[in-house]
>>> print(open('upload.pdb').read())   # PDB, C-alpha atoms and all ligand atoms
ATOM      1  CA  MET A 615     138.102  82.393  78.502
ATOM      2  CA  ASN A 616     136.613  79.059  77.688
ATOM      3  CA  ILE A 617     136.480  77.524  81.159
ATOM      4  CA  PRO A 618     133.384  75.493  82.043
ATOM      5  CA  ALA A 619     132.186  75.807  85.644
ATOM      6  CA  PRO A 620     133.289  72.818  87.710
ATOM      7  CA  THR A 621     130.681  70.631  89.392
ATOM      8  CA  ILE A 622     131.153  69.550  92.999
ATOM      9  CA  ASP A 623     129.913  66.564  95.005
ATOM     10  CA  LEU A 624     127.162  66.374  97.619
ATOM     11  CA  VAL A 625     129.393  66.841 100.680
ATOM     12  CA  GLN A 626     131.030  69.875  99.124
ATOM     13  CA  LEU A 627     127.652  71.257  98.032
ATOM     14  CA  LYS A 628     126.386  71.096 101.633
ATOM     15  CA  LYS A 629     129.523  72.853 102.865
ATOM     16  CA  LYS A 630     129.104  75.421 100.150
ATOM     17  CA  ALA A 631     125.508  76.084 101.260
ATOM     18  CA  LEU A 632     126.694  76.752 104.805
ATOM     19  CA  GLN A 633     129.416  79.101 103.628
ATOM     20  CA  ILE A 634     126.988  80.950 101.338
ATOM     21  CA  ARG A 635     124.571  81.447 104.269
ATOM     22  CA  ARG A 636     127.366  82.957 106.359
ATOM     23  CA  GLU A 637     128.394  85.323 103.577
ATOM     24  CA  ILE A 638     124.780  86.396 102.950
ATOM     25  CA  LEU A 639     124.466  87.474 106.581
ATOM     26  CA  GLN A 640     127.820  89.227 106.487
ATOM     27  CA  ILE A 641     126.954  91.352 103.442
ATOM     28  CA  LEU A 642     123.496  92.180 104.811
ATOM     29  CA  ASN A 643     125.092  93.272 108.066
ATOM     30  CA  SER A 644     127.633  95.472 106.330
ATOM     31  CA  ALA A 645     124.920  96.979 104.091
ATOM     32  CA  GLY A 646     122.649  97.618 107.079
ATOM     33  CA  SER A 647     119.581  96.615 105.028
ATOM     34  CA  GLY A 648     118.261  93.879 102.761
ATOM     35  CA  HIS A 649     116.244  90.667 102.677
ATOM     36  CA  PRO A 650     117.667  87.749 104.665
ATOM     37  CA  GLY A 651     114.600  85.465 104.799
ATOM     38  CA  GLY A 652     114.094  84.871 101.080
ATOM     39  CA  SER A 653     117.831  84.643 100.429
ATOM     40  CA  LEU A 654     118.411  81.997 103.099
ATOM     41  CA  SER A 655     115.481  79.887 101.864
ATOM     42  CA  ALA A 656     116.875  79.789  98.322
ATOM     43  CA  VAL A 657     120.478  78.825  99.157
ATOM     44  CA  GLU A 658     120.323  75.121  98.249
ATOM     45  CA  ILE A 659     118.332  75.894  95.087
ATOM     46  CA  LEU A 660     120.991  78.263  93.769
ATOM     47  CA  VAL A 661     123.931  76.226  95.061
ATOM     48  CA  THR A 662     122.603  73.123  93.289
ATOM     49  CA  LEU A 663     122.045  75.028  90.066
ATOM     50  CA  TYR A 664     125.308  76.979  89.912
ATOM     51  CA  PHE A 665     127.714  74.432  91.436
ATOM     52  CA  HIS A 666     126.245  71.215  90.127
ATOM     53  CA  LYS A 667     123.573  71.403  87.497
ATOM     54  CA  MET A 668     124.068  74.247  85.102
ATOM     55  CA  ASN A 669     126.093  74.414  81.975
ATOM     56  CA  HIS A 670     127.728  77.828  82.302
ATOM     57  CA  ARG A 671     131.025  79.663  82.071
ATOM     58  CA  PRO A 672     131.454  82.243  84.844
ATOM     59  CA  HIS A 673     134.393  83.825  83.000
ATOM     60  CA  GLU A 674     132.298  84.135  79.854
ATOM     61  CA  PRO A 675     128.906  85.254  81.263
ATOM     62  CA  LYS A 676     127.404  85.925  77.830
ATOM     63  CA  TRP A 677     128.382  82.560  76.321
ATOM     64  CA  GLU A 678     125.436  81.945  74.031
ATOM     65  CA  ASP A 679     124.853  78.298  74.943
ATOM     66  CA  ARG A 680     124.760  78.916  78.700
ATOM     67  CA  ASP A 681     121.827  77.817  80.804
ATOM     68  CA  ARG A 682     119.922  80.878  82.008
ATOM     69  CA  VAL A 683     118.549  81.690  85.461
ATOM     70  CA  ILE A 684     115.917  84.365  85.936
ATOM     71  CA  ILE A 685     115.777  85.444  89.571
ATOM     72  CA  SER A 686     112.147  86.489  89.446
ATOM     73  CA  LYS A 687     112.105  87.179  93.202
ATOM     74  CA  GLY A 688     114.612  89.954  92.622
ATOM     75  CA  HIS A 689     114.896  90.911  96.281
ATOM     76  CA  ALA A 690     116.876  87.681  96.802
ATOM     77  CA  SER A 691     119.923  89.624  95.665
ATOM     78  CA  ALA A 692     122.163  88.674  98.587
ATOM     79  CA  VAL A 693     122.071  84.956  97.795
ATOM     80  CA  THR A 694     122.360  85.650  94.073
ATOM     81  CA  TYR A 695     125.431  87.884  94.347
ATOM     82  CA  VAL A 696     127.214  85.682  96.890
ATOM     83  CA  VAL A 697     126.682  82.614  94.671
ATOM     84  CA  LEU A 698     127.722  84.443  91.486
ATOM     85  CA  ALA A 699     130.872  85.822  93.125
ATOM     86  CA  ASP A 700     131.769  82.427  94.538
ATOM     87  CA  ALA A 701     131.253  80.821  91.141
ATOM     88  CA  GLY A 702     133.684  83.337  89.645
ATOM     89  CA  TYR A 703     131.442  85.808  87.818
ATOM     90  CA  PHE A 704     133.048  88.763  89.599
ATOM     91  CA  PRO A 705     135.616  89.266  92.408
ATOM     92  CA  LYS A 706     134.364  88.427  95.893
ATOM     93  CA  GLU A 707     135.949  91.661  97.072
ATOM     94  CA  GLN A 708     133.090  93.512  95.354
ATOM     95  CA  LEU A 709     130.557  91.987  97.750
ATOM     96  CA  LYS A 710     131.683  94.600 100.274
ATOM     97  CA  THR A 711     129.916  97.205  98.115
ATOM     98  CA  TYR A 712     126.531  95.461  98.397
ATOM     99  CA  ARG A 713     123.715  98.032  98.507
ATOM    100  CA  LYS A 714     126.242 100.891  98.650
ATOM    101  CA  PHE A 715     125.737 104.020  96.575
ATOM    102  CA  GLY A 716     127.269 103.653  93.094
ATOM    103  CA  SER A 717     127.793  99.889  93.351
ATOM    104  CA  PRO A 718     126.318  97.589  90.678
ATOM    105  CA  LEU A 719     125.334  95.274  93.549
ATOM    106  CA  GLN A 720     122.028  96.918  94.339
ATOM    107  CA  GLY A 721     119.228  95.485  96.472
ATOM    108  CA  HIS A 722     117.309  94.024  93.550
ATOM    109  CA  VAL A 723     119.200  92.035  90.939
ATOM    110  CA  HIS A 724     120.413  93.961  87.911
ATOM    111  CA  THR A 725     122.072  93.032  84.623
ATOM    112  CA  LYS A 726     124.959  95.369  85.488
ATOM    113  CA  VAL A 727     126.149  92.405  87.551
ATOM    114  CA  PRO A 728     127.831  89.679  85.455
ATOM    115  CA  GLY A 729     125.644  86.572  85.509
ATOM    116  CA  VAL A 730     122.354  88.375  86.131
ATOM    117  CA  GLU A 731     120.142  87.767  83.088
ATOM    118  CA  PHE A 732     117.299  90.183  83.781
ATOM    119  CA  ASN A 733     116.470  93.099  86.082
ATOM    120  CA  THR A 734     113.801  92.129  88.572
ATOM    121  CA  GLY A 735     112.281  93.504  91.752
ATOM    122  CA  SER A 736     108.751  94.093  90.624
ATOM    123  CA  LEU A 737     107.423  90.611  91.291
ATOM    124  CA  GLY A 738     105.535  88.453  88.803
ATOM    125  CA  HIS A 739     107.464  89.055  85.583
ATOM    126  CA  GLY A 740     110.226  86.475  85.519
ATOM    127  CA  LEU A 741     108.299  83.515  84.178
ATOM    128  CA  SER A 742     107.133  85.444  81.110
ATOM    129  CA  VAL A 743     110.736  86.435  80.447
ATOM    130  CA  ALA A 744     111.900  82.838  80.884
ATOM    131  CA  ASN A 745     109.227  81.724  78.423
ATOM    132  CA  GLY A 746     110.381  84.273  75.868
ATOM    133  CA  ILE A 747     114.009  83.188  76.192
ATOM    134  CA  ALA A 748     112.996  79.532  75.917
ATOM    135  CA  LEU A 749     110.810  80.144  72.871
ATOM    136  CA  GLY A 750     113.736  81.963  71.248
ATOM    137  CA  ALA A 751     115.990  79.012  72.060
ATOM    138  CA  LYS A 752     113.573  76.624  70.340
ATOM    139  CA  MET A 753     113.383  78.852  67.257
ATOM    140  CA  ASN A 754     117.186  79.022  67.107
ATOM    141  CA  LYS A 755     117.578  75.288  67.762
ATOM    142  CA  LYS A 756     119.542  75.911  70.953
ATOM    143  CA  SER A 757     119.494  73.291  73.676
ATOM    144  CA  PHE A 758     120.160  75.408  76.780
ATOM    145  CA  LYS A 759     117.710  75.427  79.682
ATOM    146  CA  THR A 760     116.035  78.442  81.291
ATOM    147  CA  TYR A 761     115.343  78.317  85.021
ATOM    148  CA  CYS A 762     113.050  80.762  86.780
ATOM    149  CA  ILE A 763     113.113  81.198  90.563
ATOM    150  CA  MET A 764     109.893  82.547  92.059
ATOM    151  CA  GLY A 765     108.648  83.218  95.580
ATOM    152  CA  ASP A 766     105.423  81.810  96.985
ATOM    153  CA  GLY A 767     104.023  85.267  97.699
ATOM    154  CA  GLU A 768     105.093  86.263  94.212
ATOM    155  CA  ILE A 769     102.943  83.625  92.545
ATOM    156  CA  GLN A 770      99.820  85.314  93.892
ATOM    157  CA  GLU A 771     100.413  87.720  90.989
ATOM    158  CA  GLY A 772      98.013  87.150  88.081
ATOM    159  CA  SER A 773     100.774  87.601  85.510
ATOM    160  CA  VAL A 774     102.438  84.423  86.782
ATOM    161  CA  TRP A 775      99.376  82.394  85.800
ATOM    162  CA  GLU A 776      99.265  83.946  82.350
ATOM    163  CA  ALA A 777     102.872  82.785  81.935
ATOM    164  CA  ALA A 778     101.935  79.415  83.456
ATOM    165  CA  MET A 779      99.386  79.016  80.639
ATOM    166  CA  THR A 780     101.854  80.096  77.971
ATOM    167  CA  ALA A 781     104.737  77.666  78.597
ATOM    168  CA  PRO A 782     102.707  74.446  78.100
ATOM    169  CA  HIS A 783     100.952  75.971  75.088
ATOM    170  CA  TYR A 784     104.323  76.297  73.350
ATOM    171  CA  HIS A 785     105.577  72.956  74.742
ATOM    172  CA  LEU A 786     108.466  74.732  76.448
ATOM    173  CA  ASP A 787     110.202  71.712  77.939
ATOM    174  CA  ASN A 788     113.313  73.905  78.132
ATOM    175  CA  VAL A 789     111.715  75.952  80.933
ATOM    176  CA  CYS A 790     112.081  74.869  84.546
ATOM    177  CA  ALA A 791     110.265  77.021  87.106
ATOM    178  CA  ILE A 792     111.261  76.651  90.742
ATOM    179  CA  VAL A 793     108.921  77.942  93.442
ATOM    180  CA  ASP A 794     110.721  78.753  96.685
ATOM    181  CA  TYR A 795     107.742  77.731  98.792
ATOM    182  CA  ASN A 796     108.924  79.124 102.130
ATOM    183  CA  LYS A 797     105.326  79.706 103.319
ATOM    184  CA  VAL A 798     105.945  83.336 104.275
ATOM    185  CA  GLN A 799     105.655  86.542 102.265
ATOM    186  CA  GLU A 800     106.374  90.137 103.284
ATOM    187  CA  ASN A 801     103.711  90.594 105.931
ATOM    188  CA  GLY A 802     102.848  87.114 107.141
ATOM    189  CA  PRO A 803     102.062  83.507 106.227
ATOM    190  CA  THR A 804     101.445  83.178 102.489
ATOM    191  CA  ASN A 805      98.447  80.876 102.717
ATOM    192  CA  GLU A 806      96.709  83.137 105.246
ATOM    193  CA  ILE A 807      97.185  86.190 103.048
ATOM    194  CA  LYS A 808      96.054  84.456  99.850
ATOM    195  CA  ASN A 809      95.907  80.679  99.821
ATOM    196  CA  LEU A 810      97.923  78.958  97.088
ATOM    197  CA  GLU A 811      96.716  75.457  97.839
ATOM    198  CA  PRO A 812      96.239  73.002  96.272
ATOM    199  CA  LEU A 813      99.342  74.326  94.568
ATOM    200  CA  ALA A 814     100.666  71.205  92.833
ATOM    201  CA  SER A 815      97.291  70.432  91.247
ATOM    202  CA  LYS A 816      97.033  74.011  89.994
ATOM    203  CA  TRP A 817     100.317  73.696  88.088
ATOM    204  CA  LYS A 818      99.383  70.206  86.875
ATOM    205  CA  SER A 819      96.051  71.430  85.565
ATOM    206  CA  PHE A 820      97.889  74.165  83.673
ATOM    207  CA  GLY A 821      99.869  71.429  81.888
ATOM    208  CA  TRP A 822     103.132  71.386  83.822
ATOM    209  CA  ASN A 823     105.227  68.408  84.826
ATOM    210  CA  THR A 824     104.943  69.119  88.544
ATOM    211  CA  LEU A 825     107.495  67.931  91.099
ATOM    212  CA  GLU A 826     107.653  68.561  94.846
ATOM    213  CA  VAL A 827     110.860  68.433  96.862
ATOM    214  CA  ASP A 828     112.388  69.426 100.175
ATOM    215  CA  GLY A 829     114.129  72.537  98.895
ATOM    216  CA  HIS A 830     116.944  72.197 101.424
ATOM    217  CA  ASP A 831     117.747  68.637 100.359
ATOM    218  CA  ILE A 832     120.342  68.934  97.619
ATOM    219  CA  ARG A 833     119.962  65.321  96.509
ATOM    220  CA  GLU A 834     116.214  65.793  96.011
ATOM    221  CA  LEU A 835     116.857  69.003  94.093
ATOM    222  CA  ILE A 836     119.375  67.263  91.827
ATOM    223  CA  ASN A 837     116.936  64.413  91.118
ATOM    224  CA  ALA A 838     114.128  66.835  90.285
ATOM    225  CA  LEU A 839     116.356  68.937  88.019
ATOM    226  CA  ASP A 840     117.483  65.772  86.228
ATOM    227  CA  GLU A 841     113.871  64.673  85.833
ATOM    228  CA  ALA A 842     113.071  68.068  84.328
ATOM    229  CA  ASP A 843     115.759  67.383  81.710
ATOM    230  CA  ARG A 844     114.221  64.015  80.876
ATOM    231  CA  THR A 845     110.706  65.462  80.487
ATOM    232  CA  THR A 846     109.775  66.350  76.953
ATOM    233  CA  GLY A 847     106.828  68.228  75.468
ATOM    234  CA  LYS A 848     105.974  70.253  78.571
ATOM    235  CA  PRO A 849     107.635  72.553  81.076
ATOM    236  CA  THR A 850     108.564  71.459  84.590
ATOM    237  CA  VAL A 851     107.822  73.233  87.836
ATOM    238  CA  ILE A 852     109.658  72.223  90.989
ATOM    239  CA  ILE A 853     107.753  73.187  94.103
ATOM    240  CA  ALA A 854     110.579  73.435  96.618
ATOM    241  CA  HIS A 855     109.328  73.305 100.192
ATOM    242  CA  THR A 856     111.641  75.567 102.140
ATOM    243  CA  VAL A 857     111.891  77.545 105.363
ATOM    244  CA  LYS A 858     112.153  81.304 105.239
ATOM    245  CA  GLY A 859     115.337  82.353 107.047
ATOM    246  CA  LYS A 860     116.630  78.741 106.974
ATOM    247  CA  GLY A 861     119.636  78.073 109.181
ATOM    248  CA  VAL A 862     119.224  80.925 111.656
ATOM    249  CA  SER A 863     116.939  79.949 114.545
ATOM    250  CA  PHE A 864     115.617  83.428 115.245
ATOM    251  CA  MET A 865     114.892  84.143 111.571
ATOM    252  CA  GLU A 866     113.233  80.868 110.567
ATOM    253  CA  GLY A 867     109.586  81.286 109.580
ATOM    254  CA  GLN A 868     109.524  84.916 110.704
ATOM    255  CA  ALA A 869     107.960  87.515 108.394
ATOM    256  CA  SER A 870     109.739  90.148 110.493
ATOM    257  CA  TRP A 871     113.009  88.906 108.929
ATOM    258  CA  HIS A 872     111.737  89.384 105.377
ATOM    259  CA  GLY A 873     113.441  92.752 105.077
ATOM    260  CA  LYS A 874     115.810  93.551 107.922
ATOM    261  CA  ALA A 875     119.570  93.332 108.342
ATOM    262  CA  PRO A 876     121.168  91.619 111.327
ATOM    263  CA  ASN A 877     123.118  93.929 113.640
ATOM    264  CA  GLU A 878     126.554  92.933 115.008
ATOM    265  CA  GLU A 879     125.157  90.969 117.922
ATOM    266  CA  MET A 880     122.617  89.108 115.784
ATOM    267  CA  LEU A 881     125.254  88.415 113.145
ATOM    268  CA  LYS A 882     127.547  86.892 115.746
ATOM    269  CA  LYS A 883     124.765  84.667 117.052
ATOM    270  CA  ALA A 884     123.779  83.603 113.525
ATOM    271  CA  LEU A 885     127.353  82.820 112.493
ATOM    272  CA  THR A 886     127.773  80.634 115.563
ATOM    273  CA  GLU A 887     124.710  78.647 114.489
ATOM    274  CA  LEU A 888     126.133  78.339 110.986
ATOM    275  CA  GLU A 889     129.561  77.002 111.968
ATOM    276  CA  ASP A 890     130.798  74.020 109.972
ATOM    277  CA  LYS A 891     130.643  71.213 112.535
ATOM    278  CA  SER A 892     131.734  68.434 110.180
TER     279      SER A 892
HETATM  280  C1  LIG B   1     104.734  93.744  92.161
HETATM  281  C2  LIG B   1     105.326  93.839  93.502
HETATM  282  N1  LIG B   1     104.512  94.011  94.567
HETATM  283  C3  LIG B   1     105.052  94.115  95.817
HETATM  284  C4  LIG B   1     106.400  94.082  96.000
HETATM  285  C5  LIG B   1     106.995  94.249  97.400
HETATM  286  N2  LIG B   1     107.534  92.965  97.857
HETATM  287  C6  LIG B   1     108.843  92.691  97.793
HETATM  288  S1  LIG B   1     109.214  91.154  98.362
HETATM  289  C7  LIG B   1     107.593  90.854  98.724
HETATM  290  C8  LIG B   1     107.168  89.549  99.322
HETATM  291  C9  LIG B   1     107.325  88.429  98.394
HETATM  292  O1  LIG B   1     107.077  87.219  99.037
HETATM  293  P1  LIG B   1     107.673  85.899  98.471
HETATM  294  O2  LIG B   1     107.443  85.837  97.017
HETATM  295  O3  LIG B   1     107.106  84.790  99.272
HETATM  296  O4  LIG B   1     109.232  86.104  98.686
HETATM  297  P2  LIG B   1     110.247  85.393  99.713
HETATM  298  O5  LIG B   1     109.451  84.791 100.820
HETATM  299  O6  LIG B   1     110.943  84.366  98.918
HETATM  300  O7  LIG B   1     111.159  86.475 100.182
HETATM  301  C10 LIG B   1     106.788  91.946  98.395
HETATM  302  C11 LIG B   1     105.349  92.014  98.601
HETATM  303  C12 LIG B   1     107.212  93.919  94.858
HETATM  304  N3  LIG B   1     108.538  93.853  94.955
HETATM  305  N4  LIG B   1     106.646  93.787  93.635
HETATM  306 MG    MG B   2     107.858  83.465 100.544
END
>>> encode(input="upload.pdb", output="structure tokens")
Amino acid sequence: MNIPAPTIDLVQLKKKALQIRREILQILNSAGSGHPGGSLSAVEILVTLYFHKMNHRPHEPKWEDRDRVIISKGHASAVTYVVLADAGYFPKEQLKTYRKFGSPLQGHVHTKVPGVEFNTGSLGHGLSVANGIALGAKMNKKSFKTYCIMGDGEIQEGSVWEAAMTAPHYHLDNVCAIVDYNKVQENGPTNEIKNLEPLASKWKSFGWNTLEVDGHDIRELINALDEADRTTGKPTVIIAHTVKGKGVSFMEGQASWHGKAPNEEMLKKALTELEDKS
């Protein structure tokens, strides 16, 4: 089917983000395991990409001119699957099988799921893959964009910086890396475990067009993504300042909510906080 994905306006995008947060918590609760923190921090990033920015066809996931997204922080599967299902890549009904034995919807994103471009989970590989796809696009004179979503803890991996050197070398202006800078990794605050700062100047010195945004502000995300499109000759990185566990008071900024599912009582409390009050 040749149906382009519709784009929606700012008010609807904000409502969508709220709804996606609720569904993330619901599927984590029904699975009894998973990673809420890094899914909740990436909601606006994925909502802006899939419901506003990207050129894609959910009913034709392998359309060759589609923009690509590499979810390099592969444990953010809950947000990825909820967004993909909502966009129409597969029936929402299937979300009930999240992390269940035999389901394609496993805890780390997998290409068995329509819309997932690459299997991830072992951190630090996505940017190299995005570079390869983007280089191929240049060679084939294709104009699609490749986005790569990375975690802040993830970019402590040396392989990320090898890839960070590669993209400017090949002038890959069709690559847009997005760092979900939620300041927390698995076991504590990222910059206490291994300091990333000064992060923007590191990317700049590697030759990247470097932008910083509030990663929960959809308008700022849209502007940065548009600026990435206008930037030629070098790749763009968007450092998105976010909050791990965003939207749920008792999860925000807590490493303990990196990998833990909410029980019934916690789910109820969280869903109350995430009610649409507009
Ligand atoms: C190579 C590798 N080392 C360790 C892990 C285990 N692990 C999974 S998530 C995670 C923390 C990642 O932190 P961050 O990138 O900040 O993710 P987020 O805060 O967005 O969840 C770790 C260490 C892994 N998946 N891959
Ligand atoms: Mg993090």
>>> closest_residue(input="upload.pdb", among="A:Val862, A:Ile792, A:Val696, A:Ala778", to="A:Ser819", atoms="only C-alpha atoms")
A:Ala778
>>> residues_around(input="upload.pdb", residues="A:Leu709", least_positions_apart="4", cutoff="8 Å", atoms="all atoms listed in the file", output="VMD selection string")
chain A and resid 641 695 to 696 699 705 719
>>> closest_residue(input="upload.pdb", among="A:Leu888, A:Leu810, A:Ala854, A:Leu642", to="A:Lys630", atoms="all atoms listed in the file")
A:Leu888
>>> closest_residue(input="upload.pdb", among="A:Lys667, A:Lys752, A:His649, A:His724", to="ligand LIG 1 (chain B)", atoms="only C-alpha atoms and all ligand atoms")
A:His649
>>> residues_near_ligand(input="upload.pdb", ligand="ligand LIG 1 (chain B)", cutoff="7 Å", atoms="all atoms listed in the file", output="CSV table (one decimal) with C-alpha atoms, in the frame of the given file")
chain,number,residue,atom,x,y,z
A,651,GLY,CA,114.6,85.5,104.8
A,652,GLY,CA,114.1,84.9,101.1
A,653,SER,CA,117.8,84.6,100.4
A,687,LYS,CA,112.1,87.2,93.2
A,689,HIS,CA,114.9,90.9,96.3
A,690,ALA,CA,116.9,87.7,96.8
A,735,GLY,CA,112.3,93.5,91.8
A,736,SER,CA,108.8,94.1,90.6
A,737,LEU,CA,107.4,90.6,91.3
A,738,GLY,CA,105.5,88.5,88.8
A,764,MET,CA,109.9,82.5,92.1
A,765,GLY,CA,108.6,83.2,95.6
A,766,ASP,CA,105.4,81.8,97.0
A,767,GLY,CA,104.0,85.3,97.7
A,768,GLU,CA,105.1,86.3,94.2
A,769,ILE,CA,102.9,83.6,92.5
A,794,ASP,CA,110.7,78.8,96.7
A,796,ASN,CA,108.9,79.1,102.1
A,797,LYS,CA,105.3,79.7,103.3
A,798,VAL,CA,105.9,83.3,104.3
A,799,GLN,CA,105.7,86.5,102.3
A,800,GLU,CA,106.4,90.1,103.3
A,804,THR,CA,101.4,83.2,102.5
A,858,LYS,CA,112.2,81.3,105.2
A,872,HIS,CA,111.7,89.4,105.4
>>> atom_distance(input="upload.pdb", atom1="atom CA of A:Ala884", atom2="atom CA of A:Leu835")
25.3 Å
>>> atom_distance(input="upload.pdb", atom1="atom CA of A:Trp822", atom2="atom CA of A:Thr850")
5.5 Å
>>> resolve_selection(input="upload.pdb", expression="the PyMOL selection byres (((chain A and resi 831) around 12) and not hetatm)", output="CSV table (one decimal) with C-alpha atoms, keeping the file's coordinate frame")
chain,number,residue,atom,x,y,z
A,624,LEU,CA,127.2,66.4,97.6
A,625,VAL,CA,129.4,66.8,100.7
A,627,LEU,CA,127.7,71.3,98.0
A,628,LYS,CA,126.4,71.1,101.6
A,631,ALA,CA,125.5,76.1,101.3
A,655,SER,CA,115.5,79.9,101.9
A,656,ALA,CA,116.9,79.8,98.3
A,657,VAL,CA,120.5,78.8,99.2
A,658,GLU,CA,120.3,75.1,98.2
A,659,ILE,CA,118.3,75.9,95.1
A,661,VAL,CA,123.9,76.2,95.1
A,662,THR,CA,122.6,73.1,93.3
A,826,GLU,CA,107.7,68.6,94.8
A,827,VAL,CA,110.9,68.4,96.9
A,828,ASP,CA,112.4,69.4,100.2
A,829,GLY,CA,114.1,72.5,98.9
A,830,HIS,CA,116.9,72.2,101.4
A,832,ILE,CA,120.3,68.9,97.6
A,833,ARG,CA,120.0,65.3,96.5
A,834,GLU,CA,116.2,65.8,96.0
A,835,LEU,CA,116.9,69.0,94.1
A,836,ILE,CA,119.4,67.3,91.8
A,837,ASN,CA,116.9,64.4,91.1
A,838,ALA,CA,114.1,66.8,90.3
A,854,ALA,CA,110.6,73.4,96.6
A,855,HIS,CA,109.3,73.3,100.2
A,856,THR,CA,111.6,75.6,102.1
A,857,VAL,CA,111.9,77.5,105.4
>>> closest_residue(input="upload.pdb", among="A:Leu825, A:Val774, A:Leu632, A:Ala842", to="A:Leu654", atoms="all atoms listed in the file")
A:Leu632
>>> closest_residue(input="upload.pdb", among="A:Val683, A:Ile622, A:Val723, A:Ala701", to="A:Thr760", atoms="all atoms listed in the file")
A:Val683
>>> resolve_selection(input="upload.pdb", expression="the PyMOL selection byres (((chain A and resi 739-742) around 12) and not hetatm)", output="JSON, numbers by chain")
{"A": [682, 683, 684, 685, 686, 687, 688, 723, 731, 732, 733, 734, 735, 736, 737, 738, 743, 744, 745, 746, 747, 748, 749, 760, 761, 762, 763, 764, 765, 768, 769, 770, 771, 772, 773, 774, 775, 776, 777, 778, 779, 780, 781, 786, 789, 790, 791, 792, 793, 849, 851]}
>>> atom_distance(input="upload.pdb", atom1="atom CA of A:His783", atom2="atom CA of A:Ile853")
20.4 Å
>>> resolve_selection(input="upload.pdb", expression="the PyMOL selection byres (((chain A and resi 675) around 12) and not hetatm)", output="PyMOL selection string")
chain A and resi 615-619+669-674+676-683+698+701-704+725-731
>>> write_last_selection(input="upload.pdb", atoms="C-alpha atoms", output="compact mmCIF listing (two decimals), in the coordinates of the input")
# COMPACT_ATOMS: atom_id res chain seq x y z
CA MET A 615 138.10 82.39 78.50
CA ASN A 616 136.61 79.06 77.69
CA ILE A 617 136.48 77.52 81.16
CA PRO A 618 133.38 75.49 82.04
CA ALA A 619 132.19 75.81 85.64
CA ASN A 669 126.09 74.41 81.98
CA HIS A 670 127.73 77.83 82.30
CA ARG A 671 131.02 79.66 82.07
CA PRO A 672 131.45 82.24 84.84
CA HIS A 673 134.39 83.82 83.00
CA GLU A 674 132.30 84.14 79.85
CA LYS A 676 127.40 85.92 77.83
CA TRP A 677 128.38 82.56 76.32
CA GLU A 678 125.44 81.94 74.03
CA ASP A 679 124.85 78.30 74.94
CA ARG A 680 124.76 78.92 78.70
CA ASP A 681 121.83 77.82 80.80
CA ARG A 682 119.92 80.88 82.01
CA VAL A 683 118.55 81.69 85.46
CA LEU A 698 127.72 84.44 91.49
CA ALA A 701 131.25 80.82 91.14
CA GLY A 702 133.68 83.34 89.64
CA TYR A 703 131.44 85.81 87.82
CA PHE A 704 133.05 88.76 89.60
CA THR A 725 122.07 93.03 84.62
CA LYS A 726 124.96 95.37 85.49
CA VAL A 727 126.15 92.40 87.55
CA PRO A 728 127.83 89.68 85.46
CA GLY A 729 125.64 86.57 85.51
CA VAL A 730 122.35 88.38 86.13
CA GLU A 731 120.14 87.77 83.09
>>> closest_residue(input="upload.pdb", among="A:Pro718, A:Leu885, A:Met753, A:Pro650", to="ligand MG 2 (chain B)", atoms="all atoms listed in the file")
A:Pro650
>>> residues_around(input="upload.pdb", residues="A:Glu879", least_positions_apart="6", cutoff="12 Å", atoms="all atoms listed in the file", output="list of chain:residue names")
A:Leu639, A:Gln640, A:Asn643, A:Leu885, A:Thr886
>>> axis_aligned_box(input="upload.pdb", around="stretch 736-751 of chain A", padding_each_side="5 Å", output="JSON")
{"center_x": 110.8, "center_y": 86.6, "center_z": 81.3, "size_x": 20.5, "size_y": 25.1, "size_z": 30.0}
>>> decode(input="upload.pdb", residues="stretch 862-881 of chain A", atoms="C-alpha atoms", output="PDB file, in the first residue's frame")
ATOM      1  CA  VAL A 862       6.341   9.746  36.367  1.00  0.00           C
ATOM      2  CA  SER A 863       7.399  11.530  39.563  1.00  0.00           C
ATOM      3  CA  PHE A 864       8.785   8.477  41.323  1.00  0.00           C
ATOM      4  CA  MET A 865      10.778   7.341  38.279  1.00  0.00           C
ATOM      5  CA  GLU A 866      12.304  10.656  37.202  1.00  0.00           C
ATOM      6  CA  GLY A 867      16.093  10.721  37.500  1.00  0.00           C
ATOM      7  CA  GLN A 868      16.175   7.371  39.295  1.00  0.00           C
ATOM      8  CA  ALA A 869      18.704   4.754  38.156  1.00  0.00           C
ATOM      9  CA  SER A 870      16.626   2.210  40.083  1.00  0.00           C
ATOM     10  CA  TRP A 871      13.956   2.620  37.366  1.00  0.00           C
ATOM     11  CA  HIS A 872      16.393   1.827  34.557  1.00  0.00           C
ATOM     12  CA  GLY A 873      15.274  -1.789  34.427  1.00  0.00           C
ATOM     13  CA  LYS A 874      12.191  -2.534  36.496  1.00  0.00           C
ATOM     14  CA  ALA A 875       8.508  -2.898  35.675  1.00  0.00           C
ATOM     15  CA  PRO A 876       5.820  -1.045  37.608  1.00  0.00           C
ATOM     16  CA  ASN A 877       3.475  -3.270  39.617  1.00  0.00           C
ATOM     17  CA  GLU A 878      -0.309  -2.677  39.621  1.00  0.00           C
ATOM     18  CA  GLU A 879      -0.200  -0.080  42.368  1.00  0.00           C
ATOM     19  CA  MET A 880       2.687   1.836  40.795  1.00  0.00           C
ATOM     20  CA  LEU A 881       1.032   1.655  37.385  1.00  0.00           C
TER      21      LEU A 881
END
